[in-house]
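Student: For reference, the file model_21.csv (CSV, C-alpha atoms) is included below:
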chain,number,residue,atom,x,y,z
A,1038,MET,CA,88.5,97.3,113.9
A,1039,SER,CA,89.5,94.2,112.0
A,1040,ARG,CA,93.1,93.5,111.2
A,1041,VAL,CA,94.0,94.0,107.6
A,1042,ARG,CA,95.8,91.0,106.1
A,1043,VAL,CA,98.5,91.9,103.6
A,1044,ILE,CA,98.7,89.4,100.7
A,1045,ARG,CA,102.2,88.3,100.0
A,1046,ALA,CA,103.2,86.6,96.8
A,1047,GLY,CA,102.9,82.9,97.2
A,1048,ALA,CA,105.1,80.1,95.9
A,1049,ARG,CA,104.2,78.6,92.5
A,1050,ALA,CA,104.2,75.0,91.7
A,1051,PRO,CA,107.8,73.6,91.6
A,1052,GLU,CA,109.6,72.7,88.4
A,1053,ASP,CA,110.6,69.1,87.7
A,1054,GLY,CA,112.8,68.2,84.9
A,1055,GLY,CA,112.0,71.4,83.0
A,1056,GLU,CA,108.3,70.8,83.2
A,1057,ARG,CA,106.1,72.7,85.7
A,1058,ALA,CA,104.2,70.4,88.1
A,1059,ALA,CA,100.5,70.5,87.8
A,1060,ALA,CA,98.9,73.0,90.2
A,1061,VAL,CA,96.7,71.4,92.8
A,1062,VAL,CA,93.4,73.2,93.2
A,1063,PRO,CA,92.4,73.1,96.8
A,1064,GLU,CA,88.8,72.7,98.0
A,1065,LEU,CA,88.8,76.3,99.4
A,1066,VAL,CA,90.2,79.5,98.0
A,1067,TRP,CA,90.0,83.2,98.9
A,1068,TYR,CA,88.1,85.4,96.4
A,1069,ALA,CA,89.6,88.9,96.7
A,1070,ALA,CA,86.8,91.3,95.8
A,1071,TYR,CA,87.9,94.9,95.0
A,1072,GLY,CA,84.6,96.1,93.4
A,1073,SER,CA,81.0,95.9,94.3
A,1074,ASN,CA,81.4,92.4,95.6
A,1075,THR,CA,83.2,93.8,98.6
A,1076,ARG,CA,79.6,94.1,99.9
A,1077,ARG,CA,78.4,90.8,101.3
A,1078,ASP,CA,74.8,91.4,100.2
A,1079,ARG,CA,75.9,92.0,96.7
A,1080,LEU,CA,78.1,88.9,96.6
A,1081,MET,CA,75.3,86.8,97.9
A,1082,HIS,CA,73.3,87.5,94.7
A,1083,TYR,CA,76.0,85.7,92.8
A,1084,ILE,CA,76.0,82.9,95.3
A,1085,GLU,CA,72.3,82.4,96.1
A,1086,GLY,CA,71.0,83.9,92.9
A,1087,GLY,CA,68.5,86.7,92.5
A,1088,ARG,CA,68.3,90.2,91.1
A,1089,PRO,CA,70.5,92.8,92.9
A,1090,PRO,CA,68.8,96.3,93.5
A,1091,GLY,CA,69.1,98.3,90.3
A,1092,ALA,CA,70.0,95.3,88.1
A,1093,ALA,CA,68.0,94.5,85.0
A,1094,LEU,CA,68.6,90.8,85.2
A,1095,ALA,CA,68.8,88.2,87.9
A,1096,SER,CA,71.9,86.2,88.6
A,1097,PRO,CA,71.5,82.4,88.5
A,1098,GLY,CA,73.7,81.9,91.6
A,1099,CYS,CA,76.2,79.2,92.4
A,1100,ARG,CA,75.5,75.5,92.4
A,1101,ASP,CA,76.5,75.6,96.1
A,1102,PRO,CA,74.5,78.4,97.7
A,1103,ARG,CA,76.3,78.4,101.1
A,1104,PRO,CA,77.7,81.8,102.2
A,1105,PRO,CA,81.4,82.4,102.5
A,1106,ARG,CA,83.0,80.7,105.5
A,1107,ALA,CA,84.8,83.9,106.3
A,1108,SER,CA,85.4,87.4,105.0
A,1109,VAL,CA,88.5,89.4,105.9
A,1110,PRO,CA,89.9,92.8,104.9
A,1111,VAL,CA,93.1,92.5,102.8
A,1112,GLU,CA,95.5,94.7,100.9
A,1113,LEU,CA,96.9,93.6,97.5
A,1114,ARG,CA,99.9,94.9,95.6
A,1115,GLY,CA,98.8,96.9,92.5
A,1116,VAL,CA,96.1,99.4,91.6
A,1117,VAL,CA,92.4,99.6,91.1
A,1118,TYR,CA,91.4,101.8,88.2
A,1119,PHE,CA,88.1,102.7,86.5
A,1120,ALA,CA,87.5,102.2,82.8
A,1121,THR,CA,84.9,101.1,80.2
A,1122,GLU,CA,81.2,101.8,80.7
A,1123,SER,CA,79.0,99.9,83.1
A,1124,ALA,CA,75.6,99.1,81.7
A,1125,LEU,CA,74.2,98.7,85.2
A,1126,TRP,CA,75.8,101.7,87.1
A,1127,SER,CA,76.9,103.9,84.2
A,1128,GLY,CA,80.4,105.3,84.5
A,1129,GLY,CA,83.6,103.3,84.7
A,1130,ARG,CA,84.0,99.8,86.2
A,1131,ALA,CA,86.7,98.8,88.6
A,1132,PHE,CA,89.6,96.8,87.3
A,1133,TYR,CA,92.7,95.5,89.0
A,1134,ASP,CA,96.3,95.9,87.6
A,1135,PRO,CA,98.6,93.7,89.8
A,1136,ASP,CA,101.7,95.1,88.1
A,1137,ALA,CA,101.1,98.8,88.7
A,1138,PRO,CA,102.8,100.3,91.8
A,1139,GLY,CA,100.4,100.9,94.7
A,1140,ARG,CA,98.1,99.1,97.1
A,1141,VAL,CA,94.5,97.9,96.8
A,1142,TYR,CA,91.9,97.8,99.5
A,1143,ALA,CA,89.9,94.6,99.1
A,1144,ARG,CA,87.8,92.0,100.9
A,1145,ALA,CA,88.7,88.3,100.7
A,1146,HIS,CA,85.8,85.9,100.9
A,1147,LEU,CA,86.6,82.2,101.7
A,1148,VAL,CA,84.6,80.1,99.3
A,1149,THR,CA,84.9,76.7,97.6
A,1150,ALA,CA,86.9,76.5,94.4
A,1151,GLU,CA,83.6,75.5,92.7
A,1152,GLN,CA,81.9,78.6,94.1
A,1153,PHE,CA,84.7,80.8,92.8
A,1154,ARG,CA,84.4,79.3,89.4
A,1155,ASP,CA,80.7,79.9,89.3
A,1156,ILE,CA,81.1,83.5,90.5
A,1157,ALA,CA,83.7,84.1,87.8
A,1158,ALA,CA,81.5,82.4,85.2
A,1159,GLN,CA,78.6,84.8,86.0
A,1160,GLU,CA,81.0,87.8,85.8
A,1161,MET,CA,82.0,86.5,82.4
A,1162,TYR,CA,78.4,86.2,81.3
A,1163,ARG,CA,78.6,82.4,81.4
A,1164,ALA,CA,76.4,79.8,83.1
A,1165,PRO,CA,77.5,78.3,86.5
A,1166,GLY,CA,79.2,75.1,85.9
A,1167,THR,CA,81.1,76.5,82.9
A,1168,GLY,CA,83.6,78.5,84.9
A,1169,PRO,CA,87.3,78.6,84.2
A,1170,ASP,CA,90.0,76.1,85.2
A,1171,LEU,CA,91.8,77.6,88.1
A,1172,ALA,CA,95.0,75.5,87.7
A,1173,PRO,CA,96.8,77.8,85.2
A,1174,ALA,CA,96.3,80.9,87.4
A,1175,LEU,CA,97.5,79.0,90.4
A,1176,ARG,CA,100.6,77.7,88.5
A,1177,HIS,CA,101.6,80.9,86.7
A,1178,GLY,CA,100.0,83.7,88.8
A,1179,ARG,CA,97.8,84.8,85.9
A,1180,ALA,CA,95.7,83.2,83.2
A,1181,ARG,CA,94.1,85.1,80.3
A,1182,LEU,CA,90.9,83.3,79.3
A,1183,GLY,CA,89.5,85.7,76.8
A,1184,GLU,CA,89.2,89.3,75.7
A,1185,GLY,CA,86.2,90.1,78.0
A,1186,ARG,CA,86.2,92.6,80.8
A,1187,TYR,CA,86.7,90.1,83.7
A,1188,GLU,CA,88.2,87.2,81.7
A,1189,THR,CA,91.6,87.2,83.3
A,1190,LEU,CA,92.3,85.3,86.5
A,1191,VAL,CA,95.0,86.6,88.9
A,1192,CYS,CA,96.5,84.8,91.9
A,1193,PRO,CA,98.3,87.6,93.8
A,1194,GLY,CA,99.4,85.3,96.6
A,1195,THR,CA,98.3,83.2,99.5
A,1196,LEU,CA,96.5,83.7,102.8
A,1197,ASP,CA,96.6,81.2,105.6
A,1198,GLY,CA,98.1,78.7,103.2
A,1199,LEU,CA,95.3,79.0,100.6
A,1200,PRO,CA,95.5,80.8,97.3
A,1201,VAL,CA,93.9,84.2,96.8
A,1202,LEU,CA,92.2,84.6,93.4
A,1203,THR,CA,90.4,87.4,91.7
A,1204,PHE,CA,89.5,88.4,88.1
A,1205,THR,CA,90.2,91.5,86.0
A,1206,ALA,CA,90.5,92.6,82.4
A,1207,PRO,CA,93.2,91.3,80.1
A,1208,TRP,CA,94.6,94.8,79.6
A,1209,ALA,CA,96.7,96.9,82.0
A,1210,LEU,CA,96.3,100.4,83.4
A,1211,GLY,CA,97.2,102.7,80.6
A,1212,ASP,CA,96.1,100.4,77.8
A,1213,VAL,CA,92.5,101.8,77.8
A,1214,PRO,CA,90.9,105.2,78.4
A,1215,LEU,CA,89.9,105.8,82.0
A,1216,ASN,CA,86.3,106.6,82.9
A,1217,ALA,CA,85.1,108.0,86.1
A,1218,PRO,CA,82.8,105.8,88.2
A,1219,SER,CA,79.2,106.9,88.9
A,1220,GLU,CA,78.0,108.0,92.3
A,1221,GLY,CA,76.0,104.8,92.8
A,1222,TYR,CA,78.9,102.6,92.0
A,1223,LEU,CA,81.3,104.5,94.3
A,1224,ARG,CA,78.8,104.3,97.1
A,1225,GLN,CA,78.7,100.5,96.7
A,1226,LEU,CA,82.5,100.2,96.8
A,1227,ALA,CA,82.8,102.5,99.8
A,1228,ALA,CA,80.0,100.7,101.7
A,1229,GLY,CA,81.7,97.3,101.1
A,1230,LEU,CA,85.1,98.5,102.3
A,1231,LEU,CA,83.5,100.1,105.4
A,1232,GLU,CA,81.6,96.8,106.0
A,1233,ALA,CA,85.0,95.1,106.3
A,1234,ASP,CA,85.6,97.1,109.5
A,1235,ALA,CA,89.3,97.8,108.8
A,1236,TRP,CA,89.4,101.3,107.4
A,1237,ASP,CA,87.5,104.4,108.6
A,1238,GLY,CA,85.5,106.6,106.3
A,1239,ALA,CA,88.3,109.1,105.7
A,1240,ALA,CA,90.7,106.3,104.6
A,1241,VAL,CA,88.1,104.7,102.3
A,1242,ALA,CA,87.1,108.1,100.8
A,1243,GLY,CA,90.8,109.1,100.2
A,1244,TYR,CA,91.6,105.7,98.7
A,1245,LEU,CA,88.7,105.7,96.2
A,1246,ALA,CA,89.2,109.3,95.2
A,1247,ALA,CA,92.9,108.6,94.4
A,1248,CYS,CA,92.2,105.6,92.1
A,1249,PRO,CA,92.9,106.3,88.4
A,1250,GLY,CA,89.7,107.2,86.7
A,1251,ALA,CA,88.3,108.7,89.8
A,1252,ALA,CA,91.2,110.9,90.5
A,1253,GLY,CA,90.6,114.4,89.2
A,1254,ARG,CA,86.8,113.8,88.9
A,1255,TRP,CA,86.1,112.8,92.5
A,1256,THR,CA,87.6,114.3,95.7
A,1257,ALA,CA,87.9,112.6,99.0
A,1258,GLU,CA,85.4,115.1,100.4
A,1259,ARG,CA,82.8,114.2,97.7
A,1260,VAL,CA,83.2,110.5,98.3
A,1261,ALA,CA,82.8,111.1,102.1
A,1262,GLU,CA,79.5,112.8,101.3
A,1263,LEU,CA,78.3,109.6,99.6
A,1264,LEU,CA,79.0,107.7,102.8
A,1265,ARG,CA,76.9,110.2,104.8
A,1266,GLY,CA,74.1,110.1,102.3
Starting from the coordinates I provided, produce the structure as structure tokens.
Tutor:
Amino acid sequence: MSRVRVIRAGARAPEDGGERAAAVVPELVWYAAYGSNTRRDRLMHYIEGGRPPGAALASPGCRDPRPPRASVPVELRGVVYFATESALWSGGRAFYDPDAPGRVYARAHLVTAEQFRDIAAQEMYRAPGTGPDLAPALRHGRARLGEGRYETLVCPGTLDGLPVLTFTAPWALGDVPLNAPSEGYLRQLAAGLLEADAWDGAAVAGYLAACPGAAGRWTAERVAELLRG
């Protein structure tokens, strides 16, 4: 089994004379995926381009199509919850609230800063090359870029001296109605977490069944059945 890396809050840019120093964006960053991009094959459609199984449209891919340099299992502070309605999967999408008490199972992919910007752009329905500036999120820990579902960047900490970044909604858990995820979507998330080789099937099933939006609609036993299917 792979060792789970716990992400600790990283230091922000120092203050100098009342002004915050400009955050330096390194060449490499960790992209912490907590949804369907925990699966490497799914992530590669955003990197190389192409149409994922079940998707109506193809993804353009990143300008740099190289695969992640590494992928490691991580745990983040906060909660994953399911809300809104996915046009692809039906049912709720996964979102991350870093301020809610709890822990999140995730998979951190080591990519270039340019690749992360291009992945984020595609999640925001934008073209590669038009992705967000990462400096504000690195400097403040969070940067709200718009009202869209994945238009808020979060930097929950660092790993091996490099920043960890992900994206989520601008709202928090409790600000929107919860919506249970579909069978197909939960199967994707479960498969990606199992692929990380850090948690066994029982742990993954229990974790997903307890996430707000899934809790009360899915049980650990039903999620475990998806893994056997």
Student: Residues around (78.8, 91.5, 94.0), cut-off 12 Å, counting all atoms listed in the file - what are they as a PyMOL selection string?
Tutor: chain A and resi 1068-1090+1092+1096+1098+1144+1146+1156-1157+1159-1160+1222+1225-1226+1229
Student: With all atoms listed in the file as the basis for distance, which of A:Val1141, A:Leu1094, A:Ala1228, A:Ala1046 is at the shortest distance from Val1117 (chain A)?
Tutor: A:Val1141
Student: When you count all atoms listed in the file, which of these residues is closest to Pro1102 (chain A): A:Pro1173, A:Pro1165, A:Gly1139, A:Gly1128?
Tutor: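 Looking at the shortest contact to Pro1102 (chain A), the residue is A:Pro1165.
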Student: Residues at most 7 Å from Gly1178 (chain A), counting only C-alpha atoms, excluding those fewer than 4 positions away in the same chain, as a PyMOL selection string?
Tutor: chain A and resi 1174+1191-1193
Student: May I have the selected residues written with C-alpha atoms, as a short mmCIF file (atom, residue, chain, number, x, y, z; two decimals), in the coordinates of the input?
Tutor:
data_model
loop_
_atom_site.label_atom_id
_atom_site.label_comp_id
_atom_site.auth_asym_id
_atom_site.auth_seq_id
_atom_site.Cartn_x
_atom_site.Cartn_y
_atom_site.Cartn_z
CA ALA A 1174 96.30 80.90 87.40
CA VAL A 1191 95.00 86.60 88.90
CA CYS A 1192 96.50 84.80 91.90
CA PRO A 1193 98.30 87.60 93.80
#
Student: Smallest atom-to-atom distance to Pro1104 (chain A): which of A:Ala1252, A:Val1148, A:Ala1257, A:Ala1247, using only C-alpha atoms?
Tutor: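 Under the stated criterion, the closest residue is A:Val1148.
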Student: Quick check, in Å to one decimal: how far apart do CA of Val1109 (chain A) and CA of Leu1182 (chain A) lie?
Tutor: 27.4 Å
Student: For a quick check of understanding, using all atoms listed in the file, which of A:Trp1067, A:Tyr1118, A:Trp1236, A:Trp1126 has the smallest distance to Thr1149 (chain A)?
Tutor: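 Under the stated criterion, the closest residue is A:Trp1067.
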Student: For Tyr1162 (chain A), which residue out of A:Val1213, A:Val1116, A:Ala1095, A:Ala1180 is the nearest one, using all atoms listed in the file?
Tutor: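 Of the candidates, the smallest distance to Tyr1162 (chain A) is held by A:Ala1095.
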Student: Pick out the closest residue to Gly1198 (chain A) from this set: A:Glu1184, A:Ala1060, A:Val1066, A:Glu1232. Count only C-alpha atoms.
Tutor: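 Result for the nearest residue to Gly1198 (chain A): A:Val1066.
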Student: Listing only residues of region 1209-1253 of chain A within 8 Å of region 1110-1114 of chain A, what is the closest atom pair and its distance in Å (to one decimal) for each, using all atoms listed in the file, sorted by chain and residue number ascending, as a Markdown table?
Tutor:
| residue | atom | partner | partner_atom | distance |
| --- | --- | --- | --- | --- |
| A:Leu1230 | CA | A:Pro1110 | CA | 7.9 |
| A:Ala1233 | CA | A:Pro1110 | CA | 5.6 |
| A:Asp1234 | CA | A:Pro1110 | CA | 7.6 |
| A:Ala1235 | CA | A:Pro1110 | CA | 6.4 |
Student: Enter the distance from CA of Leu1199 (chain A) to CA of Pro1063 (chain A), in Å, rounded to one decimal.
Tutor: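 Separation between CA of Leu1199 (chain A) and CA of Pro1063 (chain A): 7.6 Å.
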Student: Report as a list in words all protein, DNA and RNA residues lying within 8 Å of Leu1245 (chain A), evaluated on all atoms listed in the file, omitting residues in the same chain fewer than 4 positions from it.
Tutor: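 Once the adjacent positions are removed, what remains is Leu1223, Ala1227, Val1241, Ala1251, Ala1257 and Val1260 of chain A.
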Student: Please, what distance in Å, to one decimal, runs between CA of Pro1138 (chain A) and CA of Glu1220 (chain A)?
Tutor: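 Interatomic distance here is 26.0 Å.
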Student: Taking (95.7, 92.2, 88.0) in the file's own coordinates, collect the residues within 6 Å, counting only C-alpha atoms, and hand them back as a PyMOL selection string.
Tutor: chain A and resi 1133-1135+1191+1205
Student: Where atoms are absent from region 1152-1171 of chain A, fill them in so it carries N, CA and C atoms, then output it as a PDB file, in the coordinates of the input.
Tutor:
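Result file follows (part-v3.pdb):
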ATOM      1  N   GLN A1152      82.584  77.360  93.954  1.00  0.00           N
ATOM      2  CA  GLN A1152      81.900  78.600  94.100  1.00  0.00           C
ATOM      3  C   GLN A1152      82.610  79.743  93.347  1.00  0.00           C
ATOM      4  N   PHE A1153      83.927  79.792  93.516  1.00  0.00           N
ATOM      5  CA  PHE A1153      84.700  80.800  92.800  1.00  0.00           C
ATOM      6  C   PHE A1153      84.534  80.687  91.313  1.00  0.00           C
ATOM      7  N   ARG A1154      84.592  79.472  90.813  1.00  0.00           N
ATOM      8  CA  ARG A1154      84.400  79.300  89.400  1.00  0.00           C
ATOM      9  C   ARG A1154      83.057  79.719  88.912  1.00  0.00           C
ATOM     10  N   ASP A1155      82.024  79.481  89.723  1.00  0.00           N
ATOM     11  CA  ASP A1155      80.700  79.900  89.300  1.00  0.00           C
ATOM     12  C   ASP A1155      80.494  81.401  89.427  1.00  0.00           C
ATOM     13  N   ILE A1156      81.119  82.038  90.417  1.00  0.00           N
ATOM     14  CA  ILE A1156      81.100  83.500  90.500  1.00  0.00           C
ATOM     15  C   ILE A1156      81.777  84.102  89.292  1.00  0.00           C
ATOM     16  N   ALA A1157      82.963  83.576  88.974  1.00  0.00           N
ATOM     17  CA  ALA A1157      83.700  84.100  87.800  1.00  0.00           C
ATOM     18  C   ALA A1157      82.911  83.859  86.530  1.00  0.00           C
ATOM     19  N   ALA A1158      82.253  82.718  86.400  1.00  0.00           N
ATOM     20  CA  ALA A1158      81.500  82.400  85.200  1.00  0.00           C
ATOM     21  C   ALA A1158      80.364  83.498  85.030  1.00  0.00           C
ATOM     22  N   GLN A1159      79.693  83.843  86.116  1.00  0.00           N
ATOM     23  CA  GLN A1159      78.600  84.800  86.000  1.00  0.00           C
ATOM     24  C   GLN A1159      79.171  86.211  85.657  1.00  0.00           C
ATOM     25  N   GLU A1160      80.346  86.566  86.170  1.00  0.00           N
ATOM     26  CA  GLU A1160      81.000  87.800  85.800  1.00  0.00           C
ATOM     27  C   GLU A1160      81.390  87.828  84.333  1.00  0.00           C
ATOM     28  N   MET A1161      81.630  86.642  83.791  1.00  0.00           N
ATOM     29  CA  MET A1161      82.000  86.500  82.400  1.00  0.00           C
ATOM     30  C   MET A1161      80.816  86.270  81.478  1.00  0.00           C
ATOM     31  N   TYR A1162      79.599  86.422  82.041  1.00  0.00           N
ATOM     32  CA  TYR A1162      78.400  86.200  81.300  1.00  0.00           C
ATOM     33  C   TYR A1162      78.245  84.741  80.832  1.00  0.00           C
ATOM     34  N   ARG A1163      78.708  83.829  81.673  1.00  0.00           N
ATOM     35  CA  ARG A1163      78.600  82.400  81.400  1.00  0.00           C
ATOM     36  C   ARG A1163      77.724  81.755  82.454  1.00  0.00           C
ATOM     37  N   ALA A1164      77.298  80.544  82.193  1.00  0.00           N
ATOM     38  CA  ALA A1164      76.400  79.800  83.100  1.00  0.00           C
ATOM     39  C   ALA A1164      77.270  79.173  84.223  1.00  0.00           C
ATOM     40  N   PRO A1165      76.762  79.117  85.450  1.00  0.00           N
ATOM     41  CA  PRO A1165      77.500  78.300  86.500  1.00  0.00           C
ATOM     42  C   PRO A1165      77.700  76.918  86.017  1.00  0.00           C
ATOM     43  N   GLY A1166      78.848  76.383  86.362  1.00  0.00           N
ATOM     44  CA  GLY A1166      79.200  75.100  85.900  1.00  0.00           C
ATOM     45  C   GLY A1166      80.101  75.109  84.655  1.00  0.00           C
ATOM     46  N   THR A1167      80.248  76.302  84.073  1.00  0.00           N
ATOM     47  CA  THR A1167      81.100  76.500  82.900  1.00  0.00           C
ATOM     48  C   THR A1167      82.268  77.398  83.187  1.00  0.00           C
ATOM     49  N   GLY A1168      82.557  77.578  84.473  1.00  0.00           N
ATOM     50  CA  GLY A1168      83.600  78.500  84.900  1.00  0.00           C
ATOM     51  C   GLY A1168      84.987  78.018  84.512  1.00  0.00           C
ATOM     52  N   PRO A1169      85.971  78.867  84.692  1.00  0.00           N
ATOM     53  CA  PRO A1169      87.300  78.600  84.200  1.00  0.00           C
ATOM     54  C   PRO A1169      88.065  77.570  85.095  1.00  0.00           C
ATOM     55  N   ASP A1170      89.015  76.905  84.486  1.00  0.00           N
ATOM     56  CA  ASP A1170      90.000  76.100  85.200  1.00  0.00           C
ATOM     57  C   ASP A1170      90.880  76.970  86.007  1.00  0.00           C
ATOM     58  N   LEU A1171      91.018  76.702  87.293  1.00  0.00           N
ATOM     59  CA  LEU A1171      91.800  77.600  88.100  1.00  0.00           C
ATOM     60  C   LEU A1171      93.313  77.207  88.123  1.00  0.00           C
TER      61      LEU A1171
END
